[in-house]
file run.cif (mmCIF, C-alpha atoms and all ligand atoms)
data_model
loop_
_atom_site.label_atom_id
_atom_site.label_comp_id
_atom_site.auth_asym_id
_atom_site.auth_seq_id
_atom_site.Cartn_x
_atom_site.Cartn_y
_atom_site.Cartn_z
CA MET A 27 -14.03 -4.05 -138.45
CA SER A 28 -17.78 -4.24 -138.25
CA ASP A 29 -18.18 -5.13 -141.93
CA GLN A 30 -16.07 -8.19 -141.37
CA ALA A 31 -18.01 -9.19 -138.28
CA GLY A 32 -21.39 -9.32 -140.03
CA ASP A 33 -24.36 -9.61 -137.70
CA GLN A 34 -23.68 -11.25 -134.38
CA LEU A 35 -25.65 -14.39 -135.21
CA ARG A 36 -23.66 -15.27 -138.34
CA PHE A 37 -21.79 -18.59 -138.16
CA GLN A 38 -18.06 -17.88 -138.22
CA ASP A 39 -14.66 -18.73 -136.73
CA PRO A 40 -14.27 -16.87 -133.38
CA ALA A 41 -10.50 -16.62 -133.86
CA THR A 42 -10.90 -14.53 -137.00
CA ARG A 43 -14.32 -12.97 -136.50
CA TYR A 44 -12.53 -9.83 -135.32
CA PRO A 45 -9.02 -8.86 -136.38
CA SER A 46 -5.96 -9.65 -134.25
CA ILE A 47 -5.16 -6.05 -133.45
CA SER A 48 -1.71 -4.79 -132.55
CA PRO A 49 -2.51 -1.35 -131.12
CA PRO A 50 0.18 1.31 -131.50
CA GLU A 51 1.68 2.70 -128.28
CA GLN A 52 -0.62 5.51 -127.16
CA ASP A 53 -1.89 7.12 -124.02
CA GLN A 54 -4.71 9.38 -122.91
CA PRO A 55 -5.48 11.06 -119.62
CA GLU A 56 -8.11 9.23 -117.54
CA PRO A 57 -10.88 8.37 -118.26
CA GLY A 58 -9.89 8.24 -121.95
CA LEU A 59 -12.10 8.80 -124.96
CA ASP A 60 -13.30 6.11 -127.32
CA GLN A 61 -13.16 8.71 -130.09
CA LYS A 62 -9.36 8.83 -129.79
CA LEU A 63 -8.75 5.09 -129.50
CA GLN A 64 -6.50 3.59 -132.22
CA PRO A 65 -7.67 1.27 -133.73
CA HIS A 66 -11.36 1.97 -133.13
CA ALA A 67 -13.29 -0.44 -130.93
CA ASP A 68 -16.37 -2.31 -132.13
CA HIS A 69 -19.50 -1.77 -129.99
CA GLY A 70 -21.80 -3.61 -132.39
CA GLU A 71 -22.84 -0.45 -134.20
CA ASP A 72 -23.11 -2.31 -137.52
CA SER A 73 -23.57 -5.85 -136.23
CA TYR A 74 -25.75 -6.19 -133.12
CA ARG A 75 -29.21 -7.37 -134.08
CA GLY A 76 -31.87 -7.45 -131.35
CA THR A 77 -34.50 -10.16 -131.04
CA GLY A 78 -36.89 -8.41 -128.62
CA ARG A 79 -35.46 -10.02 -125.50
CA LEU A 80 -35.67 -6.85 -123.35
CA GLU A 81 -38.88 -5.34 -124.73
CA GLY A 82 -40.17 -2.56 -122.46
CA ARG A 83 -37.36 -2.92 -119.92
CA LYS A 84 -35.71 0.03 -118.14
CA ALA A 85 -31.95 -0.12 -117.60
CA LEU A 86 -29.28 1.92 -115.85
CA VAL A 87 -25.76 1.25 -117.18
CA THR A 88 -22.69 2.88 -115.62
CA GLY A 89 -19.66 3.58 -117.80
CA ALA A 90 -22.10 3.50 -120.73
CA ASP A 91 -20.28 5.99 -122.95
CA SER A 92 -17.50 3.70 -124.15
CA GLY A 93 -16.11 0.18 -124.15
CA ILE A 94 -18.11 -2.66 -122.66
CA GLY A 95 -20.79 -0.40 -121.15
CA ALA A 96 -21.42 1.28 -124.51
CA ALA A 97 -21.80 -2.08 -126.26
CA VAL A 98 -24.18 -3.24 -123.51
CA ALA A 99 -26.26 -0.04 -123.62
CA LEU A 100 -26.59 -0.29 -127.40
CA ALA A 101 -27.50 -3.99 -127.33
CA PHE A 102 -30.08 -3.39 -124.58
CA ALA A 103 -31.70 -0.68 -126.71
CA ARG A 104 -31.77 -2.92 -129.80
CA GLU A 105 -33.39 -5.61 -127.61
CA GLY A 106 -36.15 -3.12 -126.74
CA ALA A 107 -35.00 -1.43 -123.50
CA ASP A 108 -34.84 2.25 -122.61
CA VAL A 109 -31.45 3.10 -121.14
CA ALA A 110 -30.05 5.62 -118.65
CA LEU A 111 -26.33 6.21 -119.24
CA SER A 112 -23.87 7.10 -116.45
CA TYR A 113 -20.44 8.49 -117.36
CA LEU A 114 -18.01 11.27 -116.44
CA PRO A 115 -18.64 14.80 -117.78
CA GLU A 116 -15.34 14.66 -119.74
CA GLU A 117 -16.84 11.78 -121.73
CA GLN A 118 -19.77 13.77 -123.12
CA PRO A 119 -18.81 13.30 -126.81
CA ASP A 120 -18.66 9.50 -126.40
CA ALA A 121 -21.94 9.51 -124.45
CA ASP A 122 -23.67 11.66 -127.09
CA ARG A 123 -22.69 9.18 -129.78
CA ILE A 124 -24.03 6.13 -127.93
CA ALA A 125 -27.19 8.00 -126.89
CA SER A 126 -27.91 8.87 -130.50
CA LEU A 127 -27.46 5.22 -131.56
CA ILE A 128 -29.94 4.23 -128.83
CA GLU A 129 -32.41 6.80 -130.14
CA GLN A 130 -31.89 5.50 -133.69
CA ALA A 131 -33.00 2.12 -132.32
CA GLY A 132 -36.26 3.82 -131.32
CA ARG A 133 -35.53 3.76 -127.59
CA LYS A 134 -35.10 6.42 -124.94
CA ALA A 135 -31.55 7.42 -123.88
CA VAL A 136 -31.16 9.37 -120.63
CA LYS A 137 -27.78 11.05 -120.19
CA LEU A 138 -26.62 11.30 -116.56
CA PRO A 139 -23.05 12.63 -116.28
CA GLY A 140 -21.30 12.71 -112.89
CA ASP A 141 -18.69 11.08 -110.65
CA VAL A 142 -19.69 7.75 -109.08
CA ARG A 143 -17.00 8.11 -106.41
CA ASP A 144 -19.54 10.39 -104.72
CA ALA A 145 -22.28 8.62 -102.73
CA GLU A 146 -24.75 11.46 -103.19
CA HIS A 147 -24.24 11.39 -106.95
CA CYS A 148 -24.89 7.62 -106.99
CA ARG A 149 -28.19 8.10 -105.16
CA ASN A 150 -29.18 10.94 -107.51
CA LEU A 151 -28.21 8.81 -110.50
CA VAL A 152 -30.68 6.13 -109.50
CA ALA A 153 -33.40 8.67 -108.66
CA GLN A 154 -32.96 10.46 -112.00
CA ALA A 155 -32.95 7.18 -113.94
CA VAL A 156 -36.16 6.06 -112.21
CA GLU A 157 -37.80 9.42 -112.87
CA ALA A 158 -36.82 9.61 -116.54
CA LEU A 159 -37.48 5.96 -117.39
CA GLY A 160 -40.63 5.62 -115.29
CA GLY A 161 -39.05 2.86 -113.18
CA LEU A 162 -36.02 0.58 -113.23
CA ASP A 163 -35.59 -3.18 -113.70
CA ILE A 164 -31.98 -3.64 -114.91
CA VAL A 165 -28.87 -2.23 -113.20
CA VAL A 166 -25.43 -2.76 -114.73
CA ASN A 167 -22.57 -1.72 -112.43
CA ASN A 168 -19.82 -1.41 -115.00
CA ALA A 169 -17.91 1.86 -114.36
CA GLY A 170 -14.32 1.02 -113.52
CA LYS A 171 -10.91 2.44 -112.75
CA GLN A 172 -7.71 0.57 -113.65
CA VAL A 173 -4.32 2.24 -113.34
CA PHE A 174 -1.23 0.03 -113.28
CA CYS A 175 1.58 0.51 -110.75
CA GLU A 176 4.77 -1.56 -110.73
CA LYS A 177 5.54 -1.43 -106.99
CA LEU A 178 3.27 -1.42 -103.96
CA GLU A 179 5.49 1.23 -102.33
CA ASP A 180 4.65 3.54 -105.23
CA LEU A 181 0.90 2.95 -105.20
CA PRO A 182 -0.56 6.23 -103.92
CA ASP A 183 -3.10 6.01 -101.09
CA GLU A 184 -5.31 8.29 -103.21
CA GLN A 185 -5.29 5.83 -106.10
CA PHE A 186 -6.08 2.85 -103.85
CA ASP A 187 -9.01 4.83 -102.44
CA ALA A 188 -10.26 6.04 -105.84
CA THR A 189 -10.09 2.53 -107.35
CA PHE A 190 -12.17 1.15 -104.48
CA LYS A 191 -14.62 4.07 -104.62
CA THR A 192 -15.17 3.65 -108.37
CA ASN A 193 -15.25 -0.15 -108.57
CA VAL A 194 -16.71 -1.24 -105.21
CA TYR A 195 -18.33 1.63 -103.27
CA ALA A 196 -20.25 2.94 -106.31
CA MET A 197 -21.66 -0.56 -106.91
CA PHE A 198 -22.77 -0.66 -103.25
CA TRP A 199 -24.31 2.83 -103.28
CA ILE A 200 -26.08 2.39 -106.64
CA THR A 201 -27.39 -1.09 -105.85
CA LYS A 202 -28.61 -0.01 -102.41
CA ALA A 203 -30.48 2.97 -103.87
CA ALA A 204 -31.88 0.89 -106.75
CA LEU A 205 -33.37 -1.71 -104.39
CA LEU A 206 -36.02 0.82 -103.36
CA HIS A 207 -37.35 0.60 -106.93
CA LEU A 208 -36.53 -2.81 -108.46
CA PRO A 209 -39.56 -5.08 -108.88
CA ALA A 210 -39.43 -8.89 -108.85
CA GLY A 211 -37.99 -10.00 -112.20
CA SER A 212 -35.27 -7.35 -112.12
CA SER A 213 -31.64 -8.09 -112.85
CA ILE A 214 -28.44 -6.64 -111.39
CA ILE A 215 -25.25 -7.33 -113.35
CA ASN A 216 -21.79 -6.40 -112.09
CA THR A 217 -18.67 -6.21 -114.27
CA THR A 218 -15.83 -8.08 -112.62
CA SER A 219 -12.68 -9.37 -114.41
CA ILE A 220 -10.31 -12.27 -115.07
CA GLU A 221 -8.12 -10.20 -112.69
CA ALA A 222 -10.30 -11.47 -109.82
CA TYR A 223 -8.76 -14.94 -110.33
CA GLN A 224 -5.45 -14.18 -112.04
CA PRO A 225 -4.29 -10.93 -110.43
CA SER A 226 -1.63 -9.16 -112.42
CA PRO A 227 1.32 -8.04 -110.23
CA ILE A 228 0.96 -4.47 -111.51
CA LEU A 229 -2.82 -4.21 -110.87
CA LEU A 230 -3.07 -4.98 -107.15
CA ASP A 231 -5.70 -2.39 -106.20
CA TYR A 232 -7.75 -3.14 -109.31
CA ALA A 233 -7.57 -6.94 -109.02
CA THR A 234 -8.57 -6.74 -105.35
CA THR A 235 -11.69 -4.73 -106.21
CA LYS A 236 -12.65 -7.28 -108.85
CA ALA A 237 -12.42 -10.14 -106.34
CA ALA A 238 -14.59 -8.04 -104.00
CA ILE A 239 -17.16 -7.55 -106.77
CA ASN A 240 -17.38 -11.33 -107.25
CA ALA A 241 -17.95 -11.92 -103.53
CA PHE A 242 -20.54 -9.12 -103.32
CA THR A 243 -22.33 -10.57 -106.37
CA LYS A 244 -22.50 -14.12 -105.05
CA GLY A 245 -23.57 -13.06 -101.56
CA LEU A 246 -26.17 -10.53 -102.66
CA ALA A 247 -27.62 -13.02 -105.15
CA GLN A 248 -28.60 -15.26 -102.23
CA GLN A 249 -30.01 -12.36 -100.23
CA LEU A 250 -32.20 -11.10 -103.10
CA ALA A 251 -33.31 -14.42 -104.58
CA PRO A 252 -36.46 -14.59 -102.41
CA ARG A 253 -37.40 -11.12 -103.69
CA GLY A 254 -37.15 -12.30 -107.31
CA ILE A 255 -34.17 -10.09 -108.08
CA ARG A 256 -31.27 -11.86 -109.75
CA VAL A 257 -27.66 -10.75 -109.28
CA ASN A 258 -24.90 -11.97 -111.58
CA GLY A 259 -21.49 -10.91 -112.85
CA VAL A 260 -19.60 -10.84 -116.12
CA ALA A 261 -15.82 -11.31 -116.04
CA PRO A 262 -14.18 -10.02 -119.21
CA GLY A 263 -10.68 -10.91 -120.36
CA PRO A 264 -8.59 -8.43 -122.37
CA ILE A 265 -11.05 -6.18 -124.22
CA TRP A 266 -10.00 -3.26 -126.42
CA THR A 267 -11.34 -0.12 -124.68
CA PRO A 268 -10.14 3.36 -123.56
CA LEU A 269 -9.44 1.94 -120.07
CA GLN A 270 -6.35 0.21 -121.44
CA VAL A 271 -4.77 3.36 -122.91
CA SER A 272 -5.53 5.68 -119.98
CA GLY A 273 -3.17 4.07 -117.48
CA GLY A 274 -4.67 0.57 -117.54
CA GLN A 275 -1.58 -0.99 -119.18
CA PRO A 276 2.03 0.06 -119.69
CA LYS A 277 2.26 1.66 -123.13
CA ASP A 278 4.76 -0.88 -124.42
CA ALA A 279 2.36 -3.74 -123.58
CA LEU A 280 -0.37 -2.42 -125.91
CA PRO A 281 0.91 -3.92 -129.20
CA GLU A 282 0.62 -7.41 -127.63
CA PHE A 283 -2.68 -6.73 -125.85
CA GLY A 284 -4.81 -9.89 -125.78
CA ALA A 285 -2.38 -11.93 -127.89
CA SER A 286 -1.70 -14.48 -125.14
CA THR A 287 -5.31 -15.67 -124.85
CA PRO A 288 -6.09 -19.13 -126.31
CA LEU A 289 -8.05 -17.37 -129.07
CA GLY A 290 -4.93 -15.31 -129.81
CA ARG A 291 -6.53 -11.88 -129.95
CA ALA A 292 -8.08 -9.15 -127.81
CA GLY A 293 -11.85 -9.10 -127.51
CA GLN A 294 -14.06 -6.30 -128.82
CA PRO A 295 -16.64 -4.65 -126.54
CA THR A 296 -19.52 -5.99 -128.65
CA GLU A 297 -18.49 -9.56 -127.84
CA LEU A 298 -19.48 -8.90 -124.22
CA ALA A 299 -22.98 -7.62 -124.96
CA PRO A 300 -24.75 -10.98 -125.42
CA ALA A 301 -23.62 -12.09 -121.93
CA TYR A 302 -25.26 -9.05 -120.33
CA VAL A 303 -28.38 -9.41 -122.48
CA PHE A 304 -28.68 -13.06 -121.41
CA LEU A 305 -28.31 -12.22 -117.71
CA ALA A 306 -30.77 -9.31 -117.97
CA SER A 307 -33.42 -11.25 -119.84
CA PRO A 308 -36.04 -13.53 -118.26
CA GLU A 309 -34.57 -16.51 -120.16
CA SER A 310 -31.84 -16.72 -117.49
CA SER A 311 -34.41 -17.00 -114.67
CA TYR A 312 -32.56 -19.91 -112.96
CA VAL A 313 -29.12 -18.24 -113.19
CA LEU A 314 -28.17 -16.42 -109.96
CA GLY A 315 -24.84 -15.60 -108.34
CA GLU A 316 -23.06 -16.67 -111.50
CA THR A 317 -20.02 -15.05 -113.06
CA LEU A 318 -20.02 -15.47 -116.82
CA ASN A 319 -16.45 -15.46 -118.12
CA VAL A 320 -15.97 -13.86 -121.53
CA ASN A 321 -12.23 -13.96 -121.95
CA GLY A 322 -11.02 -15.66 -125.10
CA GLY A 323 -10.52 -18.99 -123.34
CA MET A 324 -8.39 -18.22 -120.27
CA PRO A 325 -9.08 -20.92 -117.65
CA SER A 326 -11.27 -19.50 -114.88
CA PRO A 327 -13.32 -20.95 -112.03
P1 LIG B 401 -14.06 2.12 -120.48
O1 LIG B 401 -13.02 3.09 -120.14
O2 LIG B 401 -14.68 2.22 -121.81
O3 LIG B 401 -15.22 2.14 -119.41
C1 LIG B 401 -15.03 2.48 -118.06
C2 LIG B 401 -16.00 3.57 -117.74
O4 LIG B 401 -16.01 3.79 -116.34
C3 LIG B 401 -15.66 4.92 -118.35
O5 LIG B 401 -16.21 5.07 -119.64
C4 LIG B 401 -16.29 5.88 -117.36
O6 LIG B 401 -17.52 6.36 -117.85
C5 LIG B 401 -16.55 5.05 -116.13
N1 LIG B 401 -15.95 5.68 -114.96
C6 LIG B 401 -14.67 5.57 -114.52
N2 LIG B 401 -14.51 6.33 -113.42
C7 LIG B 401 -15.70 6.93 -113.18
C8 LIG B 401 -16.16 7.83 -112.18
N3 LIG B 401 -15.36 8.25 -111.19
N4 LIG B 401 -17.45 8.25 -112.26
C9 LIG B 401 -18.27 7.84 -113.24
N5 LIG B 401 -17.89 6.96 -114.20
C10 LIG B 401 -16.61 6.53 -114.16
O7 LIG B 401 -13.41 0.68 -120.28
P2 LIG B 401 -14.03 -0.80 -120.21
O8 LIG B 401 -12.87 -1.69 -120.37
O9 LIG B 401 -15.19 -0.95 -121.08
O10 LIG B 401 -14.47 -0.91 -118.68
C11 LIG B 401 -15.76 -1.30 -118.28
C12 LIG B 401 -15.65 -2.30 -117.15
O11 LIG B 401 -15.05 -3.49 -117.65
C13 LIG B 401 -14.78 -1.85 -115.99
O12 LIG B 401 -15.41 -2.21 -114.77
C14 LIG B 401 -13.52 -2.65 -116.17
O13 LIG B 401 -12.87 -2.86 -114.95
C15 LIG B 401 -14.09 -3.93 -116.72
N6 LIG B 401 -13.13 -4.80 -117.39
C16 LIG B 401 -12.48 -4.38 -118.51
C17 LIG B 401 -11.58 -5.22 -119.12
C18 LIG B 401 -10.84 -4.83 -120.36
O14 LIG B 401 -9.91 -5.55 -120.77
N7 LIG B 401 -11.18 -3.72 -121.01
C19 LIG B 401 -11.31 -6.50 -118.58
C20 LIG B 401 -12.00 -6.88 -117.43
C21 LIG B 401 -12.90 -6.02 -116.85
MG MG B 402 -15.47 6.16 -121.36
#

call {"tool": "encode", "arguments": {"input": "run.cif", "output": "structure tokens"}}
result
Amino acid sequence: MSDQAGDQLRFQDPATRYPSISPPEQDQPEPGLDQKLQPHADHGEDSYRGTGRLEGRKALVTGADSGIGAAVALAFAREGADVALSYLPEEQPDADRIASLIEQAGRKAVKLPGDVRDAEHCRNLVAQAVEALGGLDIVVNNAGKQVFCEKLEDLPDEQFDATFKTNVYAMFWITKAALLHLPAGSSIINTTSIEAYQPSPILLDYATTKAAINAFTKGLAQQLAPRGIRVNGVAPGPIWTPLQVSGGQPKDALPEFGASTPLGRAGQPTELAPAYVFLASPESSYVLGETLNVNGGMPSP
């Protein structure tokens, strides 16, 4: 996959830059492992070329072991940042792989396993990142839970709670703790979703959290602007990651995953990375409270 992609700055047709995948039916227990994903996802391992846009920066990325977070963590490192990675202990093999790619880029990788549904863990996460990196100036709230459920009557209270804890509360706890440390010039980037605007009938809890993330992002951006801290969001469309095979989609929907986008294919995690790099870097100094849609062309506000 990566061979075909070339480096990310090469001129090419976006429709065919990555293959139109038709993933076989598969499932994994939550949170899912990138290592077991068929076909493999592209995090930019062989294609992302940095241009020094985050030289000397210090980033905390949640959900950094796989999928979008892994692509972002790797791109940040290749742009010159040291990175603290948050993930669940079950995801250690995926985290080890991304951490070693960050180290191969000559940057520091700090591994911080733990459950972000726990407020105390979120506060520790920030404290440990600050300690290990010698400060913090980029926070990416990207960890997410997505488990489909056909009928509201069948949606367990526990799942509703866990989805909100993972997607919304963790963002609140981590951001609140980080504000004690973030200097002017810092960037906070939250991962929202096309689901915030086009809620799928089988993802009610998930879609609701994503709309909440957008509102939090746009409100907080105004609050923090005078302090020189920019807050923005990225709203992905259908991206091929372990989230989709660990309850995120019905199994029989996987072969068609992403096919209905105008571009006609699912996105790869690496295609998200430049959006996060842009929002983290000083070149986006006049961009605040924005949600950058990276979704293969689905109409979005
Ligand atoms: P992913 O499974 O690779 O990443 C999600 C990560 O969340 C996991 O790797 C895990 O480390 C982390 N996580 C989940 N529960 C956690 C917990 N309790 N404690 C600590 N970490 C936890 O999948 P992804 O698709 O890359 O997801 C990243 C973000 O992108 C999520 O917020 C997701 O909602 C969002 N998103 C994904 C898509 C898509 O199509 N894949 C579309 C829109 C938005
Ligand atoms: Mg993972």

call {"tool": "atom_distance", "arguments": {"input": "run.cif", "atom1": "CA of Ile215 (chain A)", "atom2": "CA of Thr317 (chain A)"}}
result
9.3 Å

call {"tool": "residues_around", "arguments": {"input": "run.cif", "residues": "Ser48 (chain A)", "least_positions_apart": "3", "cutoff": "9 Å", "atoms": "all atoms listed in the file", "output": "PyMOL selection string"}}
result
chain A and resi 65+280-283+285+291

call {"tool": "residues_near_point", "arguments": {"input": "run.cif", "point": "(-29.3, 4.0, -128.8)", "cutoff": "9 Å", "atoms": "all atoms listed in the file", "output": "ChimeraX atom specification"}}
result
/A:99-104,108-109,123-135

call {"tool": "write_last_selection", "arguments": {"input": "run.cif", "atoms": "C-alpha atoms", "output": "short mmCIF file (atom, residue, chain, number, x, y, z; two decimals), in the frame of the given file"}}
result
data_model
loop_
_atom_site.label_atom_id
_atom_site.label_comp_id
_atom_site.auth_asym_id
_atom_site.auth_seq_id
_atom_site.Cartn_x
_atom_site.Cartn_y
_atom_site.Cartn_z
CA ALA A 99 -26.26 -0.04 -123.62
CA LEU A 100 -26.59 -0.29 -127.40
CA ALA A 101 -27.50 -3.99 -127.33
CA PHE A 102 -30.08 -3.39 -124.58
CA ALA A 103 -31.70 -0.68 -126.71
CA ARG A 104 -31.77 -2.92 -129.80
CA ASP A 108 -34.84 2.25 -122.61
CA VAL A 109 -31.45 3.10 -121.14
CA ARG A 123 -22.69 9.18 -129.78
CA ILE A 124 -24.03 6.13 -127.93
CA ALA A 125 -27.19 8.00 -126.89
CA SER A 126 -27.91 8.87 -130.50
CA LEU A 127 -27.46 5.22 -131.56
CA ILE A 128 -29.94 4.23 -128.83
CA GLU A 129 -32.41 6.80 -130.14
CA GLN A 130 -31.89 5.50 -133.69
CA ALA A 131 -33.00 2.12 -132.32
CA GLY A 132 -36.26 3.82 -131.32
CA ARG A 133 -35.53 3.76 -127.59
CA LYS A 134 -35.10 6.42 -124.94
CA ALA A 135 -31.55 7.42 -123.88
#

call {"tool": "closest_residue", "arguments": {"input": "run.cif", "among": "A:Phe190, A:Trp199, A:Phe37, A:Tyr113", "to": "Ala169 (chain A)", "atoms": "all atoms listed in the file"}}
result
A:Tyr113

call {"tool": "axis_aligned_box", "arguments": {"input": "run.cif", "around": "ligand LIG 401 (chain B)", "padding_each_side": "6 Å", "output": "AutoDock Vina command-line options"}}
result
--center_x -14.1 --center_y 0.7 --center_z -116.5 --size_x 20.4 --size_y 27.1 --size_z 22.6

call {"tool": "residues_near_ligand", "arguments": {"input": "run.cif", "ligand": "ligand MG 402 (chain B)", "cutoff": "9 Å", "atoms": "all atoms listed in the file", "output": "ChimeraX atom specification"}}
result
/A:56-60,89-93,95-96,113-114,116-118,120-121,169,267-269

call {"tool": "closest_residue", "arguments": {"input": "run.cif", "among": "A:Ile265, A:Leu229, A:Ala210, A:Leu305", "to": "ligand LIG 401 (chain B)", "atoms": "all atoms listed in the file"}}
result
A:Ile265

call {"tool": "closest_residue", "arguments": {"input": "run.cif", "among": "A:Ala107, A:Ala292, A:Leu318, A:Ile47", "to": "ligand LIG 401 (chain B)", "atoms": "all atoms listed in the file"}}
result
A:Ala292

call {"tool": "residues_near_point", "arguments": {"input": "run.cif", "point": "(-25.5, -8.5, -114.6)", "cutoff": "9 Å", "atoms": "all atoms listed in the file", "output": "number ranges by chain"}}
result
A: 164-167, 213-217, 256-260, 301-306, 317

call {"tool": "closest_residue", "arguments": {"input": "run.cif", "among": "A:Ala261, A:Leu35, A:Arg253, A:Leu289", "to": "Val320 (chain A)", "atoms": "all atoms listed in the file"}}
result
A:Ala261

call {"tool": "closest_residue", "arguments": {"input": "run.cif", "among": "A:Ser46, A:Asn168, A:Gln185, A:Asn321", "to": "Gly290 (chain A)", "atoms": "all atoms listed in the file"}}
result
A:Ser46

call {"tool": "atom_distance", "arguments": {"input": "run.cif", "atom1": "CA of Leu205 (chain A)", "atom2": "CA of Leu162 (chain A)"}}
result
9.5 Å

call {"tool": "build_atoms", "arguments": {"input": "run.cif", "residues": "region 130-151 of chain A", "atoms": "N, CA and C atoms", "output": "mmCIF file, in the frame of the given file"}}
result
data_model
loop_
_atom_site.group_PDB
_atom_site.id
_atom_site.type_symbol
_atom_site.label_atom_id
_atom_site.label_comp_id
_atom_site.auth_asym_id
_atom_site.auth_seq_id
_atom_site.Cartn_x
_atom_site.Cartn_y
_atom_site.Cartn_z
ATOM 1 N N GLN A 130 -31.657 6.054 -132.339
ATOM 2 C CA GLN A 130 -31.890 5.500 -133.690
ATOM 3 C C GLN A 130 -32.543 4.124 -133.627
ATOM 4 N N ALA A 131 -32.352 3.433 -132.502
ATOM 5 C CA ALA A 131 -33.000 2.120 -132.320
ATOM 6 C C ALA A 131 -34.445 2.295 -131.855
ATOM 7 N N GLY A 132 -34.873 3.557 -131.713
ATOM 8 C CA GLY A 132 -36.260 3.820 -131.320
ATOM 9 C C GLY A 132 -36.479 3.781 -129.819
ATOM 10 N N ARG A 133 -35.398 3.832 -129.040
ATOM 11 C CA ARG A 133 -35.530 3.760 -127.590
ATOM 12 C C ARG A 133 -35.092 5.064 -126.960
ATOM 13 N N LYS A 134 -35.467 5.206 -125.677
ATOM 14 C CA LYS A 134 -35.100 6.420 -124.940
ATOM 15 C C LYS A 134 -33.682 6.290 -124.372
ATOM 16 N N ALA A 135 -32.884 7.372 -124.496
ATOM 17 C CA ALA A 135 -31.550 7.420 -123.880
ATOM 18 C C ALA A 135 -31.534 8.592 -122.915
ATOM 19 N N VAL A 136 -31.198 8.325 -121.658
ATOM 20 C CA VAL A 136 -31.160 9.370 -120.630
ATOM 21 C C VAL A 136 -29.713 9.583 -120.221
ATOM 22 N N LYS A 137 -29.197 10.787 -120.453
ATOM 23 C CA LYS A 137 -27.780 11.050 -120.190
ATOM 24 C C LYS A 137 -27.597 11.607 -118.779
ATOM 25 N N LEU A 138 -26.792 10.920 -117.961
ATOM 26 C CA LEU A 138 -26.620 11.300 -116.560
ATOM 27 C C LEU A 138 -25.129 11.392 -116.192
ATOM 28 N N PRO A 139 -24.471 12.491 -116.599
ATOM 29 C CA PRO A 139 -23.050 12.630 -116.280
ATOM 30 C C PRO A 139 -22.816 12.875 -114.776
ATOM 31 N N GLY A 140 -21.647 12.474 -114.296
ATOM 32 C CA GLY A 140 -21.300 12.710 -112.890
ATOM 33 C C GLY A 140 -20.316 11.672 -112.398
ATOM 34 N N ASP A 141 -19.766 11.907 -111.200
ATOM 35 C CA ASP A 141 -18.690 11.080 -110.650
ATOM 36 C C ASP A 141 -19.254 10.067 -109.648
ATOM 37 N N VAL A 142 -19.121 8.787 -109.961
ATOM 38 C CA VAL A 142 -19.690 7.750 -109.080
ATOM 39 C C VAL A 142 -18.859 7.513 -107.814
ATOM 40 N N ARG A 143 -17.738 8.214 -107.674
ATOM 41 C CA ARG A 143 -17.000 8.110 -106.410
ATOM 42 C C ARG A 143 -17.731 8.866 -105.302
ATOM 43 N N ASP A 144 -18.766 9.586 -105.670
ATOM 44 C CA ASP A 144 -19.540 10.390 -104.720
ATOM 45 C C ASP A 144 -20.869 9.690 -104.413
ATOM 46 N N ALA A 145 -21.081 9.384 -103.135
ATOM 47 C CA ALA A 145 -22.280 8.620 -102.730
ATOM 48 C C ALA A 145 -23.562 9.356 -103.107
ATOM 49 N N GLU A 146 -23.560 10.672 -102.892
ATOM 50 C CA GLU A 146 -24.750 11.460 -103.190
ATOM 51 C C GLU A 146 -25.069 11.404 -104.680
ATOM 52 N N HIS A 147 -24.016 11.490 -105.498
ATOM 53 C CA HIS A 147 -24.240 11.390 -106.950
ATOM 54 C C HIS A 147 -24.848 10.030 -107.305
ATOM 55 N N CYS A 148 -24.361 8.963 -106.695
ATOM 56 C CA CYS A 148 -24.890 7.620 -106.990
ATOM 57 C C CYS A 148 -26.376 7.541 -106.670
ATOM 58 N N ARG A 149 -26.765 8.116 -105.540
ATOM 59 C CA ARG A 149 -28.190 8.100 -105.160
ATOM 60 C C ARG A 149 -29.022 8.929 -106.135
ATOM 61 N N ASN A 150 -28.480 10.098 -106.522
ATOM 62 C CA ASN A 150 -29.180 10.940 -107.510
ATOM 63 C C ASN A 150 -29.309 10.240 -108.855
ATOM 64 N N LEU A 151 -28.237 9.552 -109.233
ATOM 65 C CA LEU A 151 -28.210 8.810 -110.500
ATOM 66 C C LEU A 151 -29.398 7.861 -110.580
#
